[in-house]
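Here is the structure we will look at, set down as structure tokens.
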Number of protein chains: 2
Amino acid sequence: MFRLASGIWVKDKTQNQDEGSSHRRSPRADAQRNLDALLQAAKAVFAVAGVDAPVRDIAERAGVGIGTVYRHFPQRADLIAAVCRQEMDACADAAQRLAAEHEPFDALADWLQLYAGFVATKRGLAKALHSGDPAFEALPARFEQRLRPAFRALVESARAAGAVRTDFDADEILSAVASLCMSARDDKPDHARRMVALLVDGLRHGARSSTSDGLP
Amino acid sequence: MFRLASGIWVKDKTQNQDEGSSHRRSPRADAQRNLDALLQAAKAVFAVAGVDAPVRDIAERAGVGIGTVYRHFPQRADLIAAVCRQEMDACADAAQRLAAEHEPFDALADWLQLYAGFVATKRGLAKALHSGDPAFEALPARFEQRLRPAFRALVESARAAGAVRTDFDADEILSAVASLCMSARDDKPDHARRMVALLVDGLRHGARSSTSDGLP
DNA sequence: ACCTGAACACCGTTCAAGT
DNA sequence: ACCTGAACACCGTTCAAGT
């Protein structure tokens with residue numbers, strides 16, 4: 001366990017789990033269990049009720065008192081940030097996989113769809129990400145260390161292959177896609193997908209639009 | 001004054017303002033004044049603090065008791081809806097003007113930028129518009145009667161002129177642009193404008209992307 | 001008819017008391 | 001150390017009392 005500048009407690013995978021040692025360090029087993037349960041519960045609750053779900057619901061689902069939530073996450077936003085962190089890492093990993101398995105342009109297009117689907121699932125996470133809330137100060141660092149370079153690499157590969165235009169900024173595309181998906185409605189599940197496809201089409205260098213490629 | 005199915009009270013411009021008549025009808029002068037003040041105050045408060053601003057702030061700015069707000073607008077969302085209605089009408093009027101003064105494609109592109117700027121100013125209004133909240137049930141009617149046909153007409157003109165592709169749905173573009181602008185950040189005021197330009201570029205039939213047309 | 005503001009319910013957050 | 005839940009503050013909404 002170590003504490004980030006943001007005030008979030010994170011598991012330290014390098015230390016072992018003996019409990020008998022009377023020295024300092026090593027988080028109590030119940031604390032560790034509660035933290036894990038909290039993150040898992042929050043992820044599940046956010047998925048069905050959005051990030052505005054009451055903290056009490058998350059505490060109940062995790063089987064802990066509400067005070068415990070605030071011990072691990074000083075503010076409600078910190079919980080959201082922690083869940084977001086986990087998801088961002090998973091998304092970044094996928095980027096490397098796609099780059100290895102597909103052509104530059106397809107990898108870029110596919111990853112944006114993946115990113116879009118991810119954002120759509122956790123409504124409002126992206127909004128929190130790009131809002132000025134001080135609780136999310138630590139998130140952009142992770143975003144820049146993982147998602148941003150992941151996408152930049154995809155863009156550079158596509159540019160090197162001459163597949164996309166050069167007059168757009170990778171970061172803008174990322175937040176644009178996030179915006180697009182944040183408000184996706186339940187009754188039109190693939191609306192976001194189609195809009196992202198359209199946006200991606202706009203990136204293509206010398207795109208031909210006479211065929212309905214990408215838009216079913 | 002007449003009451004919509006949604007429960008919102010609206011000014012009836014056709015009736016005159018005599019107060020002495022002891023019959024029924026004719027809203028009391030103070031009630032009318034309060035309603036106007038409320039709409040104006042809400043618009044102003046939403047502009048600076050977003051649609052999540054406390055109802056008490058709006059009541060105070062309008063110089064009325066909080067109970068008066070709820071007399072005119074049964075739910076907080078009804079106030080938002082009423083303000084949104086006004087703004088939608090203004091936006092629809094602008095569409096007709098642009099269609100008369102510009103080439104089909106330019107009118108379409110310019111209006112989307114106008115619409116984008118409008119949505120960006122009142123953060124969250126668009127989100128409310130496309131969320132399933134029952135309080136906004138009356139809004140889509142207005143949206144369909146005014147904004148939708150306004151944009152459809154622009155799209156049809158552009159299609160007739162062979163300026164845009166035919167495999168996209170006008171409604172999807174409207175909500176996509178709204179999504180794009182909802183989360184525009186203060187420190188990057190023209191981010192939304194650039195993204196909309198990119199989206200519009202994707203609509204163009206046989207778009208050439210070698211020049212940086214539309215993206216400064 | 002319409003206005004007012006105290007009162008209620010709900011939710012984020014704190015903290016004294018426990019183990 | 002860490003957990004708990006009663007308690008507090010804030011905000012949406014209601015309603016009895018006023019004019």
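Letters A, B, ... go to the chains of the structure tokens in the order shown; residues in each chain start at 1; ligands are counted from 1 in the same order.
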
Given a cut-off of 9 Å, which residues of chain D touch chain B, counting only C-alpha atoms (C1' of nucleotides), written out as a ChimeraX atom specification?
-> /D:11-14

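Between atom CA of Glu101 of chain A and atom CA of Phe143 of chain A lies a distance of 23.3 Å.
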
Quote the spacing between atom CA of Gly117 of chain B and atom CA of Arg97 of chain B in Å to one decimal place.
-> 16.9 Å

So which residues of segment 11-164 of chain B fall under helix (DSSP H, G or I) by DSSP, listed as a PyMOL selection string?
-> chain B and resi 29-49+55-62+66-72+76-101+104-121+125-130+134-136+138-160

Can you tell me, as JSON, numbers by chain, what residues are no more than 9 Å from DC2 of chain D when counting only C-alpha atoms (C1' of nucleotides), ignoring any on the same chain fewer than 6 positions away?
-> {"A": [28, 30, 31, 68, 71], "C": [19]}

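Among A:Asp190, A:Asp167, A:Glu144, A:Glu137, the residue with the shortest atom-to-atom distance to chain B, counting only C-alpha atoms, is A:Asp167.
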
Would you list the contacts of segment 192-204 of chain B as JSON, numbers by chain, taking every protein, DNA or RNA residue within 8 Å and counting only C-alpha atoms (C1' of nucleotides), but skipping same-chain residues closer than 3 positions in sequence?
-> {"A": [172, 173, 176, 198, 199, 201, 202, 203], "B": [109, 112, 113, 116, 117, 163, 164, 165, 168, 177, 180, 181, 184, 189, 207, 214, 215]}

What is the distance between atom CA of Ala42 of chain A and atom CA of Ala135 of chain A, in Å to one decimal?
-> 16.7 Å

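Distance annotation: of B:Asp57, B:Asp133, B:Gly65, B:Gln145, the residue with the minimal separation from chain A is B:Asp133; atom set is only C-alpha atoms.
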
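Between chain A and the residues B:Leu139, B:Ala178, B:Ala99, B:Leu38, the shortest atom-to-atom distance, using only C-alpha atoms, involves B:Ala178.
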